[in-house]
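Q: Right, I'll just put the structure down here and ask away after.
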Amino acid sequence: MPAHIVRLLLLLATFLILAVVARNYVLDPSYYQFGDYRGDAVIEEAAPQPQFRGAAYCQACHTERHTEWTTGVHRNVKCEVCHGPARQHPATGPLPKPVDTIKLCTVCHEAMPGRPATQPQIVIAEHPVPHDGALQCLTCHNPHSPKLGSQPQPAAAAPVATTTAAPAQISARLVVLTTPCTPCHGANGRNSAMSAALAGSEVDVLARKLQEYRSGTLQHPVMNAVTKSLSDEDIADLAEHYSSLPGGPTP
Amino acid sequence: MTKDASADKSGRRAFLRTAGKAIAGAVGGGTLVAGCVAQEKNGAGNQAATSFPTEDYDWTEHRWAYGIDATRCIGCLRCVEACKIENGVVPDAHHFRTWVERYVYLEGEERAHVDSHSDPQNIAASGSEGEYRFDNRYKDEKVTKAFFVPKMCNQCQHPSCVQVCPVGATFRTKDGVVMIDEKYCIGCEYCVQACPYGARFFNEETRTSEKCNWCYHRITKGLKPACVEVCPVGARIFGDLNDPSSDISEFVRENRVHVLKPETGNAPTCFYVGLDKEVS
């Protein structure tokens with residue numbers, strides 16, 4: 001064989017040997033294990049520890065809260081949506097309690113074009129209780145079961161029927177005036193589950209209390225806020241309206 | 001796994017023993033490909049002895065799929081935030097593995113206004129680039145129609161991103177997740193351009209492409225992806241199509257589902273309900 005052919009073949013052989021050695025050295029052993037990729041990459045992707053642990057993880061310790069939450073309208077909103085990821089909690093300390101709940105709650109509940117009608121939404125400016133920062137959503141709403149009139153009550157008890165009994169026909173003016181009252185006191189003024197029953201009370205007592213809330217003599221974060229803008233005439237009408245409603249035990 | 005790997009190696013040794021190295025190389029390549037193809041076909045049979053990728057999770061037993069009910073989405077962006085935390089995604093408004101688009105039709109207009117959390121006005125409304133919310137910018141407009149559409153990687157059955165990757169750094173797993181091998185990714189960004197859904201982005205810190213992997217570290221541990229976990233309205237559904245009683249099987253069975261851009265032939269495994277003519 002001519003020398004130049006031998007040289008060429010030797011060169012080719014060297015290249016091939018180098019290529020095979022380099023391939024064995026460089027290529028990850030798990031490459032081609034399942035296809036044209038590194039099989040170990042799948043193991044690496046599966047390795048990290050989850051940050052969000054799920055409601056069942058929280059339930060292990062916060063049993064009571066968990067029960068309260070599962071019976072309320074927020075039962076599909078998992079703990080970590082508001083409290084953030086549990087990660088290694090409790091080893092790493094307590095999880096934050098949201099401070100600015102107006103900001104947090106309106107992320108879901110601010111009335112916005114595009115949100116489905118089934119989503120409870122509020123026009124912030126028109127919400128019964130003014131949001132001036134001093135009052136937070138949690139002043140009235142229990143975040144774990146936020147529907148007013150639904151808490152507190154044992155899970156077994158029948159729900160308080162605040163809206164089922166149709167209230168007597170009232171004037172349009174009174175409809176506007178009583179809007180802020182209804183969530184807590186009920187449409188018929190008889191909801192005592194989370195507030196005072198108003199129906200059938202003395203008209204003078206109601207009027208005096210409203211005036212005292214308005215002036216601040218009586219202190220209550222919600223009542224002070226909702227009475228702030230009432231006129232004397234408003235107070236008189238409200239007192240008369242609620243005193244005229246049939247009183248009695250909460251239905 | 002070891003079976004085929006060793007077969008490859010013994011094949012390689014056999015070729016090395018033969019005199020014609022050039023021919024052997026070519027044949028060896030053929031054997032290798034044949035081996036991989038054979039393994040793909042045999043699938044579970046080869047893997048029966050050991051479960052992969054973890055002791056408790058065998059990827060041949062699952063066929064993951066994702067459902068999005070756009071009619072339920074309220075645009076709260078908890079999914080976007082949770083995804084960022086769970087996966088350590090760059091915490092700004094412009095790197096994200098999932099996002100939510102808002103489509104708003106105003107009175108007298110034919111085309112929708114579309115925005116997402118990375119819109120400057122929405123960043124301003126959220127207060128920082130690490131928090132996400134939609135600005136209520138259309139509250140005083142005459143809106144004829146509006147809705148939100150969550151988006152993410154569609155985990156295609158024929159992913160164009162995998163096809164263009166020059167180094168085998170992106171691939172589809174046996175359980176149906178398209179993922180990126182960070183160690184092999186050279187950051188050429190071909191995949192970012194190839195994805196018809198814009199689901200990939202480039203991470204300038206790691207110099208690699210990044211995308212949703214359905215929280216592979218969660219689903220292999222029996223959890224749901226973080227976005228599904230935190231969705232307060234059940235707009236995001238995830239599960240195993242191999243299990244007829246799973247959420248996703250029910251979702252696909254009970255609804256007329258669509259996929260995005262079916263004309264690309266990518267065959268997504270993200271199924272949508274409540275899409276509209278302008279959504280793609």
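A note on labels: chains of the structure tokens are A, B, ... as shown, every chain counts residues from 1, and ligands are counted from 1 in their shown order.
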Using only C-alpha atoms and a distance of at most 7 Å, pull out the residues of chain A that contact chain B, as a VMD selection string.
A: chain A and resid 32 to 37 41 to 43 45 to 52 76 to 78 81 107 to 108 112 to 116
Q: Using DSSP on the backbone coordinates, identify the residues of stretch 45-93 of chain B assigned to alpha helix (DSSP H); present them as a list of chain:residue names.
A: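 Going through stretch 45-93 of chain B, the alpha helix (DSSP H) residues come out as B:Gly45, B:Asn46, B:Gln47, B:Arg78, B:Cys79, B:Val80, B:Glu81, B:Ala82, B:Cys83, B:Lys84, B:Ile85, B:Glu86, B:Asn87.
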Q: Smallest atom-to-atom distance to B:Asn122: which of B:Ala194, B:Ala93, B:Asp69, B:Thr50, using only C-alpha atoms?
A: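 Counting only C-alpha atoms, the residue closest to B:Asn122 is B:Ala93.
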Q: For a test of reading the model, state the distance in Å between atom CA of A:His83 and atom CA of A:Thr70, rounded to one decimal.
A: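 Computing it gives 16.2 Å between the two atoms.
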Q: Just how far from atom CA of B:Asn154 is atom CA of B:Ala267, in Å to one decimal?
A: 8.5 Å
Q: Check the smallest atom-to-atom distance from each of A:Thr101, A:Val26, A:Arg53, A:His109 to A:Gln88 using only C-alpha atoms, then report the winner.
A: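 Nearest to A:Gln88: A:Arg53.
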Q: Could you tell me, as an MDAnalysis selection string, which residues of stretch 6-251 of chain A DSSP assigns to strand (DSSP E or B) when given the backbone?
A: chainID A and resid 31 38 110 122
Q: Please save N, CA and C atoms of the selected residues as an mmCIF file, in the first residue's frame.
A:
data_model
loop_
_atom_site.group_PDB
_atom_site.id
_atom_site.type_symbol
_atom_site.label_atom_id
_atom_site.label_comp_id
_atom_site.auth_asym_id
_atom_site.auth_seq_id
_atom_site.Cartn_x
_atom_site.Cartn_y
_atom_site.Cartn_z
ATOM 1 N N TYR A 31 -27.383 9.897 28.859
ATOM 2 C CA TYR A 31 -27.864 10.356 27.549
ATOM 3 C C TYR A 31 -28.189 9.126 26.712
ATOM 4 N N ARG A 38 -30.763 13.564 28.232
ATOM 5 C CA ARG A 38 -30.125 13.033 29.422
ATOM 6 C C ARG A 38 -31.200 12.501 30.371
ATOM 7 N N GLU A 110 -62.753 42.604 43.797
ATOM 8 C CA GLU A 110 -63.045 43.925 43.242
ATOM 9 C C GLU A 110 -63.864 43.731 41.966
ATOM 10 N N ILE A 122 -67.270 43.395 44.767
ATOM 11 C CA ILE A 122 -67.741 44.654 45.338
ATOM 12 C C ILE A 122 -67.159 45.831 44.553
#
Q: Just the residues within 8 Å of stretch 210-212 of chain B, please, counting only C-alpha atoms, with nothing from its chain fewer than 3 positions along; format it as a PyMOL selection string.
A: chain B and resi 96-98+152-153+179-180+199-203+215
Q: Filtering to N, CA and C atoms, could you give me those residues as a PDB file, in the first residue's frame?
A:
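So the final result, stored in result_25.pdb, reads:
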ATOM      1  N   PHE B  96     -41.958  34.768  33.179  1.00  0.00           N
ATOM      2  CA  PHE B  96     -43.038  34.009  33.799  1.00  0.00           C
ATOM      3  C   PHE B  96     -43.302  32.741  33.025  1.00  0.00           C
ATOM      4  N   ARG B  97     -43.674  31.699  33.771  1.00  0.00           N
ATOM      5  CA  ARG B  97     -43.971  30.413  33.141  1.00  0.00           C
ATOM      6  C   ARG B  97     -45.450  30.282  32.831  1.00  0.00           C
ATOM      7  N   THR B  98     -46.252  31.023  33.570  1.00  0.00           N
ATOM      8  CA  THR B  98     -47.683  31.054  33.259  1.00  0.00           C
ATOM      9  C   THR B  98     -48.140  32.494  33.366  1.00  0.00           C
ATOM     10  N   MET B 152     -50.099  29.019  29.436  1.00  0.00           N
ATOM     11  CA  MET B 152     -48.883  28.382  29.920  1.00  0.00           C
ATOM     12  C   MET B 152     -48.361  27.458  28.828  1.00  0.00           C
ATOM     13  N   CYS B 153     -47.330  26.688  29.133  1.00  0.00           N
ATOM     14  CA  CYS B 153     -46.836  25.713  28.172  1.00  0.00           C
ATOM     15  C   CYS B 153     -47.916  24.678  27.934  1.00  0.00           C
ATOM     16  N   MET B 179     -39.757  19.087  29.078  1.00  0.00           N
ATOM     17  CA  MET B 179     -38.914  19.789  30.049  1.00  0.00           C
ATOM     18  C   MET B 179     -37.567  20.179  29.468  1.00  0.00           C
ATOM     19  N   ILE B 180     -36.879  21.003  30.217  1.00  0.00           N
ATOM     20  CA  ILE B 180     -35.587  21.521  29.774  1.00  0.00           C
ATOM     21  C   ILE B 180     -34.492  20.985  30.687  1.00  0.00           C
ATOM     22  N   ALA B 199     -44.562  30.227  25.085  1.00  0.00           N
ATOM     23  CA  ALA B 199     -44.577  29.723  26.460  1.00  0.00           C
ATOM     24  C   ALA B 199     -43.191  29.700  27.090  1.00  0.00           C
ATOM     25  N   ARG B 200     -42.145  29.934  26.271  1.00  0.00           N
ATOM     26  CA  ARG B 200     -40.784  29.870  26.804  1.00  0.00           C
ATOM     27  C   ARG B 200     -40.188  31.255  26.907  1.00  0.00           C
ATOM     28  N   PHE B 201     -39.287  31.398  27.832  1.00  0.00           N
ATOM     29  CA  PHE B 201     -38.555  32.666  27.927  1.00  0.00           C
ATOM     30  C   PHE B 201     -37.096  32.355  28.231  1.00  0.00           C
ATOM     31  N   PHE B 202     -36.278  33.372  28.079  1.00  0.00           N
ATOM     32  CA  PHE B 202     -34.856  33.183  28.329  1.00  0.00           C
ATOM     33  C   PHE B 202     -34.500  33.764  29.685  1.00  0.00           C
ATOM     34  N   ASN B 203     -33.841  32.964  30.485  1.00  0.00           N
ATOM     35  CA  ASN B 203     -33.418  33.413  31.806  1.00  0.00           C
ATOM     36  C   ASN B 203     -31.983  33.934  31.695  1.00  0.00           C
ATOM     37  N   CYS B 215     -44.834  21.665  37.227  1.00  0.00           N
ATOM     38  CA  CYS B 215     -44.280  21.405  38.560  1.00  0.00           C
ATOM     39  C   CYS B 215     -43.924  19.932  38.708  1.00  0.00           C
TER      40      CYS B 215
END
Q: Kindly give the distance, in Å, that separates atom CA of A:Arg214 and atom CA of A:Gly186, rounded to a single decimal.
A: 20.7 Å
